[in-house]
file final_39.csv (CSV, C-alpha atoms)
chain,number,residue,atom,x,y,z
A,1,MET,CA,-238.0,-137.5,-67.4
A,2,ASN,CA,-236.5,-137.3,-63.9
A,3,TYR,CA,-234.6,-140.2,-62.4
A,4,GLU,CA,-237.5,-141.4,-60.2
A,5,HIS,CA,-239.8,-141.7,-63.2
A,6,LYS,CA,-237.1,-143.6,-65.1
A,7,VAL,CA,-236.9,-146.0,-62.2
A,8,GLN,CA,-240.7,-146.5,-62.2
A,9,ARG,CA,-240.5,-147.5,-65.9
A,10,GLU,CA,-237.7,-149.9,-65.2
A,11,ILE,CA,-239.6,-151.5,-62.4
A,12,ALA,CA,-242.7,-151.9,-64.6
A,13,ASP,CA,-240.5,-153.7,-67.2
A,14,TRP,CA,-239.0,-155.9,-64.5
A,15,GLU,CA,-242.4,-156.9,-63.2
A,16,HIS,CA,-243.5,-157.7,-66.8
A,17,GLN,CA,-240.5,-160.0,-67.3
A,18,MET,CA,-241.0,-161.6,-63.9
A,19,PHE,CA,-244.4,-163.0,-64.8
A,20,LYS,CA,-243.7,-164.0,-68.5
A,21,PRO,CA,-244.5,-167.7,-69.2
A,22,PRO,CA,-241.3,-169.8,-69.0
A,23,GLY,CA,-239.5,-170.2,-72.2
A,24,TRP,CA,-237.9,-173.3,-73.8
A,25,LEU,CA,-234.6,-172.7,-71.9
A,26,GLU,CA,-236.3,-172.5,-68.5
A,27,LYS,CA,-238.4,-175.6,-69.1
A,28,THR,CA,-235.4,-177.6,-70.4
A,29,SER,CA,-233.3,-176.5,-67.4
A,30,LYS,CA,-236.0,-177.6,-65.0
A,31,THR,CA,-236.3,-181.0,-66.7
A,32,ILE,CA,-232.5,-181.5,-66.7
A,33,GLY,CA,-232.3,-180.3,-63.1
A,34,SER,CA,-234.9,-182.9,-62.0
A,35,ARG,CA,-232.9,-185.7,-63.7
A,36,ILE,CA,-229.6,-184.6,-62.1
A,37,ASN,CA,-231.4,-184.3,-58.8
A,38,HIS,CA,-232.1,-188.0,-58.7
A,39,TRP,CA,-228.4,-189.0,-58.5
A,40,ILE,CA,-227.4,-186.4,-55.9
A,41,PRO,CA,-226.9,-188.2,-52.6
A,42,PRO,CA,-229.7,-187.6,-50.0
A,43,LYS,CA,-226.9,-186.3,-47.6
A,44,VAL,CA,-226.5,-183.3,-49.9
A,45,HIS,CA,-230.2,-182.4,-49.8
A,46,THR,CA,-230.2,-182.8,-46.0
A,47,ILE,CA,-227.2,-180.4,-45.8
A,48,ILE,CA,-229.1,-177.9,-48.0
A,49,THR,CA,-232.2,-178.0,-45.9
A,50,THR,CA,-230.3,-177.7,-42.6
A,51,THR,CA,-228.2,-174.9,-44.0
A,52,ILE,CA,-231.2,-172.9,-45.2
A,53,ARG,CA,-232.9,-173.2,-41.8
A,54,SER,CA,-229.8,-172.3,-39.9
A,55,ILE,CA,-228.8,-169.3,-42.0
A,56,VAL,CA,-232.3,-167.9,-42.1
A,57,ARG,CA,-232.6,-168.1,-38.4
A,58,THR,CA,-229.3,-166.3,-38.1
A,59,ALA,CA,-230.5,-163.6,-40.4
A,60,LEU,CA,-233.7,-163.1,-38.4
A,61,PHE,CA,-232.4,-163.4,-34.9
A,62,GLY,CA,-228.6,-163.0,-34.9
A,63,ALA,CA,-226.1,-160.2,-35.4
A,64,GLU,CA,-223.7,-162.0,-37.7
A,65,TYR,CA,-224.9,-160.2,-40.9
A,66,THR,CA,-225.5,-156.8,-39.4
A,67,PRO,CA,-223.2,-154.5,-41.5
A,68,SER,CA,-220.7,-152.1,-40.1
A,69,ARG,CA,-221.7,-149.7,-42.9
A,70,PRO,CA,-223.9,-146.9,-41.6
A,71,VAL,CA,-227.5,-146.6,-42.6
A,72,GLN,CA,-227.4,-144.1,-45.5
A,73,ARG,CA,-230.7,-142.3,-45.2
A,74,SER,CA,-229.4,-139.1,-46.9
A,75,LEU,CA,-228.5,-140.6,-50.3
A,76,GLU,CA,-230.7,-139.6,-53.3
A,77,LEU,CA,-232.2,-142.6,-55.1
A,78,GLU,CA,-229.8,-142.3,-58.0
A,79,ALA,CA,-226.8,-142.2,-55.8
A,80,ALA,CA,-228.1,-145.2,-53.8
A,81,ASP,CA,-228.6,-147.1,-57.0
A,82,GLN,CA,-225.0,-146.4,-58.0
A,83,GLU,CA,-223.6,-147.5,-54.7
A,84,ALA,CA,-225.8,-150.6,-54.8
A,85,LYS,CA,-224.3,-151.6,-58.1
A,86,GLU,CA,-220.8,-151.1,-56.8
A,87,LEU,CA,-221.7,-153.2,-53.7
A,88,PHE,CA,-223.1,-155.9,-55.9
A,89,ALA,CA,-220.0,-156.1,-58.2
A,90,LEU,CA,-217.9,-156.8,-55.1
A,91,TYR,CA,-220.2,-159.6,-53.8
A,92,GLN,CA,-220.6,-161.1,-57.3
A,93,LYS,CA,-216.8,-161.4,-57.6
A,94,ILE,CA,-216.7,-163.1,-54.2
A,95,ALA,CA,-219.5,-165.5,-55.2
A,96,VAL,CA,-217.9,-166.4,-58.5
A,97,ALA,CA,-214.5,-167.1,-57.0
A,98,GLU,CA,-216.1,-169.2,-54.3
A,99,GLY,CA,-218.2,-171.2,-56.8
A,100,ALA,CA,-215.2,-171.9,-59.0
A,101,GLY,CA,-213.1,-173.0,-56.1
A,102,THR,CA,-215.6,-175.4,-54.6
A,103,GLY,CA,-216.7,-176.6,-58.0
A,104,ALA,CA,-213.2,-177.7,-58.9
A,105,GLY,CA,-213.2,-179.9,-55.8
A,106,GLY,CA,-216.1,-182.1,-56.9
A,107,ILE,CA,-219.2,-183.1,-55.1
A,108,MET,CA,-217.8,-183.0,-51.5
A,109,PHE,CA,-216.4,-179.5,-51.9
A,110,SER,CA,-219.6,-178.4,-53.7
A,111,MET,CA,-221.5,-179.3,-50.5
A,112,VAL,CA,-219.5,-176.6,-48.8
A,113,ASP,CA,-220.7,-174.1,-51.5
A,114,PHE,CA,-224.3,-174.1,-50.5
A,115,PRO,CA,-223.9,-172.6,-47.1
A,116,ALA,CA,-221.2,-170.3,-48.3
A,117,LEU,CA,-223.4,-168.9,-51.2
A,118,ILE,CA,-226.4,-168.3,-48.9
A,119,ALA,CA,-224.2,-166.5,-46.5
A,120,ILE,CA,-222.8,-164.3,-49.3
A,121,LYS,CA,-226.4,-163.5,-50.4
A,122,MET,CA,-227.4,-162.6,-46.9
A,123,LYS,CA,-224.5,-160.3,-46.3
A,124,PHE,CA,-225.2,-158.6,-49.6
A,125,LEU,CA,-228.9,-158.1,-48.7
A,126,PHE,CA,-228.1,-156.7,-45.3
A,127,GLU,CA,-225.6,-154.2,-46.7
A,128,LEU,CA,-228.0,-153.3,-49.5
A,129,ALA,CA,-230.6,-152.4,-47.0
A,130,HIS,CA,-228.3,-149.8,-45.4
A,131,VAL,CA,-227.4,-148.4,-48.8
A,132,TYR,CA,-231.1,-147.6,-49.4
A,133,GLY,CA,-231.6,-146.2,-45.9
A,134,TYR,CA,-233.1,-149.0,-44.0
A,135,ASP,CA,-231.7,-150.2,-40.6
A,136,THR,CA,-231.3,-153.9,-40.3
A,137,LYS,CA,-231.3,-153.7,-36.5
A,138,HIS,CA,-235.1,-153.5,-36.8
A,139,PHE,CA,-236.7,-156.9,-36.9
A,140,SER,CA,-239.2,-155.8,-39.6
A,141,GLU,CA,-236.2,-155.0,-41.9
A,142,ARG,CA,-234.9,-158.5,-41.4
A,143,VAL,CA,-238.2,-159.9,-42.3
A,144,PHE,CA,-238.2,-157.8,-45.5
A,145,ILE,CA,-234.8,-159.2,-46.4
A,146,LEU,CA,-236.2,-162.7,-46.1
A,147,LYS,CA,-239.2,-161.8,-48.3
A,148,VAL,CA,-236.9,-160.4,-51.0
A,149,PHE,CA,-234.8,-163.6,-50.7
A,150,GLN,CA,-237.9,-165.8,-51.0
A,151,MET,CA,-239.3,-163.7,-53.9
A,152,THR,CA,-236.1,-164.2,-55.9
A,153,PHE,CA,-236.2,-168.0,-55.7
A,154,SER,CA,-240.0,-168.7,-55.6
A,155,GLY,CA,-242.4,-170.0,-58.2
A,156,PRO,CA,-244.8,-167.6,-60.0
A,157,GLU,CA,-247.7,-167.9,-57.6
A,158,ASN,CA,-245.7,-167.3,-54.4
A,159,ARG,CA,-243.7,-164.6,-56.2
A,160,ALA,CA,-246.8,-162.6,-56.9
A,161,ARG,CA,-247.9,-162.8,-53.3
A,162,LEU,CA,-244.5,-161.7,-52.1
A,163,LEU,CA,-244.3,-158.8,-54.6
A,164,ASP,CA,-247.6,-157.6,-53.3
A,165,SER,CA,-246.2,-157.8,-49.7
A,166,VAL,CA,-243.2,-155.7,-50.8
A,167,LYS,CA,-245.4,-153.1,-52.3
A,168,ARG,CA,-247.5,-152.9,-49.1
A,169,TRP,CA,-244.5,-153.0,-46.8
A,170,HIS,CA,-245.3,-149.6,-45.3
A,171,ILE,CA,-248.4,-151.2,-43.9
A,172,GLU,CA,-247.4,-154.8,-43.4
A,173,LYS,CA,-244.2,-154.0,-41.5
A,174,GLU,CA,-246.2,-152.9,-38.5
A,175,GLN,CA,-247.1,-156.6,-37.7
A,176,TRP,CA,-243.4,-157.6,-37.5
A,177,ARG,CA,-242.3,-155.6,-34.5
A,178,SER,CA,-241.0,-158.8,-32.7
A,179,ASP,CA,-239.7,-162.2,-33.7
A,180,THR,CA,-242.3,-164.4,-31.9
A,181,GLU,CA,-245.1,-164.2,-34.5
A,182,TYR,CA,-242.8,-164.6,-37.5
A,183,ALA,CA,-241.0,-167.6,-36.1
A,184,ARG,CA,-244.3,-169.3,-35.4
A,185,ASN,CA,-245.8,-168.6,-38.9
A,186,MET,CA,-242.7,-169.2,-41.0
A,187,ASP,CA,-243.4,-172.0,-43.6
A,188,TRP,CA,-240.0,-173.5,-43.5
A,189,GLU,CA,-240.8,-176.5,-45.7
A,190,THR,CA,-242.1,-174.4,-48.6
A,191,PHE,CA,-239.2,-172.0,-48.2
A,192,GLN,CA,-236.6,-174.8,-48.3
A,193,ILE,CA,-238.2,-176.7,-51.2
A,194,GLU,CA,-238.6,-173.6,-53.5
A,195,TYR,CA,-235.0,-172.4,-52.8
A,196,ARG,CA,-233.6,-175.9,-53.5
A,197,ASP,CA,-235.6,-176.3,-56.6
A,198,ALA,CA,-234.5,-172.9,-57.9
A,199,MET,CA,-230.9,-173.9,-57.4
A,200,ASP,CA,-231.1,-177.4,-58.7
A,201,PHE,CA,-230.0,-177.2,-62.4
A,202,ARG,CA,-227.2,-174.7,-62.0
A,203,LYS,CA,-225.8,-175.8,-58.7
A,204,MET,CA,-226.2,-179.5,-59.4
A,205,LEU,CA,-224.1,-179.1,-62.6
A,206,GLN,CA,-221.3,-177.9,-60.3
A,207,MET,CA,-221.1,-181.4,-59.0
A,208,VAL,CA,-220.6,-183.0,-62.4
A,209,PRO,CA,-216.9,-184.1,-62.8
A,210,GLY,CA,-214.9,-182.2,-65.3
A,211,ILE,CA,-217.0,-179.1,-65.5
A,212,GLY,CA,-217.5,-178.3,-61.8
A,213,ALA,CA,-215.2,-175.2,-61.7
A,214,PHE,CA,-216.8,-173.6,-64.7
A,215,ALA,CA,-220.3,-174.5,-63.7
A,216,GLY,CA,-219.8,-173.3,-60.1
A,217,ALA,CA,-218.6,-169.9,-61.3
A,218,TRP,CA,-221.4,-169.6,-63.9
A,219,ALA,CA,-224.0,-170.7,-61.4
A,220,ASN,CA,-223.0,-168.2,-58.7
A,221,TYR,CA,-222.6,-165.4,-61.2
A,222,THR,CA,-226.2,-165.8,-62.6
A,223,ILE,CA,-227.7,-166.5,-59.1
A,224,LEU,CA,-226.2,-163.3,-57.7
A,225,GLU,CA,-227.4,-161.3,-60.8
A,226,GLU,CA,-231.0,-162.5,-60.2
A,227,LEU,CA,-230.8,-161.6,-56.5
A,228,ARG,CA,-229.5,-158.1,-57.5
A,229,GLN,CA,-232.4,-157.4,-59.8
A,230,PHE,CA,-235.0,-158.5,-57.3
A,231,ALA,CA,-233.4,-156.9,-54.3
A,232,MET,CA,-232.6,-153.5,-55.9
A,233,ASN,CA,-236.1,-153.2,-57.4
A,234,ALA,CA,-237.7,-154.2,-54.0
A,235,TYR,CA,-235.8,-151.4,-52.3
A,236,ARG,CA,-236.4,-149.0,-55.1
A,237,LEU,CA,-240.2,-149.6,-54.7
A,238,ARG,CA,-239.9,-148.8,-51.0
A,239,ARG,CA,-237.8,-145.7,-51.7
A,240,LEU,CA,-240.3,-144.4,-54.2
A,241,HIS,CA,-243.0,-144.7,-51.6
A,242,ASP,CA,-241.2,-143.8,-48.4
A,243,PHE,CA,-238.7,-141.1,-49.5
A,244,GLU,CA,-239.8,-139.9,-52.9
A,245,GLY,CA,-243.6,-139.9,-52.4
A,246,LEU,CA,-244.2,-141.6,-55.7
A,247,GLY,CA,-245.6,-145.0,-54.3

call {"tool": "encode", "arguments": {"input": "final_39.csv", "output": "structure tokens"}}
result
Amino acid sequence: MNYEHKVQREIADWEHQMFKPPGWLEKTSKTIGSRINHWIPPKVHTIITTTIRSIVRTALFGAEYTPSRPVQRSLELEAADQEAKELFALYQKIAVAEGAGTGAGGIMFSMVDFPALIAIKMKFLFELAHVYGYDTKHFSERVFILKVFQMTFSGPENRARLLDSVKRWHIEKEQWRSDTEYARNMDWETFQIEYRDAMDFRKMLQMVPGIGAFAGAWANYTILEELRQFAMNAYRLRRLHDFEGLG
């Protein structure tokens, strides 16, 4: 079995796991997260919402996250995967250190963690695009990054729709040549709510006195790991279609 076929099998397993019914732990986490959510000050939720909107707009329309790393179109898929794992290890360490530091400071410092963590995720995704050979100077590539981000933190129904979009990106990207249409059609409210809900249990624990540092480090570690799985497999799907001719 060559490497590309091995990747295809890994992606099939990932898709199967993605749509499995939630287990006891997931259901319990959601229940606890909802309870914790009630005593988090409204100001925190306002900050989360404002932060998401601001950082997403920066990702789409600004140059802040554009990597200095060159676009690596010549890498074979196996080499790109290896480099992606090394890149991820770096960003995960940054996220864990940041989560532990802000978690130790309690609820006010934890408010700082939300924008910092989203920025770390965006920087990772932009660099990852270049590792797999896709240039983030193109607006369509920035939209793709947002779709990967959304897919990672969406519910099952929206996740299925976004996965289909990823698989058809060689067709769909043609409609995202400029920013006007995307900005007009972006469902900001759904995006913000789903992201916040996906974060609730883990990130809200970070605000609990006495366990904030540990919870912050654990939350950021697991959140980055989820993003890695979704992002790498999304780009692998594209590579199999665009470069390897196996899509």

call {"tool": "atom_distance", "arguments": {"input": "final_39.csv", "atom1": "atom CA of Arg73 of chain A", "atom2": "atom CA of Lys167 of chain A"}}
result
19.6 Å

call {"tool": "residues_near_point", "arguments": {"input": "final_39.csv", "point": "(-235.9, -158.7, -51.4)", "cutoff": "10 Å", "atoms": "all atoms listed in the file", "output": "ChimeraX atom specification"}}
result
/A:125,128-129,143-152,162-163,166,227-235

call {"tool": "residues_around", "arguments": {"input": "final_39.csv", "residues": "segment 5-17 of chain A", "least_positions_apart": "3", "cutoff": "10 Å", "atoms": "only C-alpha atoms", "output": "PyMOL selection string"}}
result
chain A and resi 1-2+20-22+77-78+81+160+163+229-230+232-234+236-237+240+246-247

call {"tool": "closest_residue", "arguments": {"input": "final_39.csv", "among": "A:Lys85, A:His241, A:His138, A:His170", "to": "Val71 of chain A", "atoms": "all atoms listed in the file"}}
result
A:His138

call {"tool": "atom_distance", "arguments": {"input": "final_39.csv", "atom1": "atom CA of Phe124 of chain A", "atom2": "atom CA of Gly62 of chain A"}}
result
15.7 Å

call {"tool": "atom_distance", "arguments": {"input": "final_39.csv", "atom1": "atom CA of Pro67 of chain A", "atom2": "atom CA of Met18 of chain A"}}
result
29.5 Å

call {"tool": "closest_residue", "arguments": {"input": "final_39.csv", "among": "A:Phe126, A:Leu117, A:Tyr65, A:Ser140", "to": "Leu87 of chain A", "atoms": "only C-alpha atoms"}}
result
A:Phe126
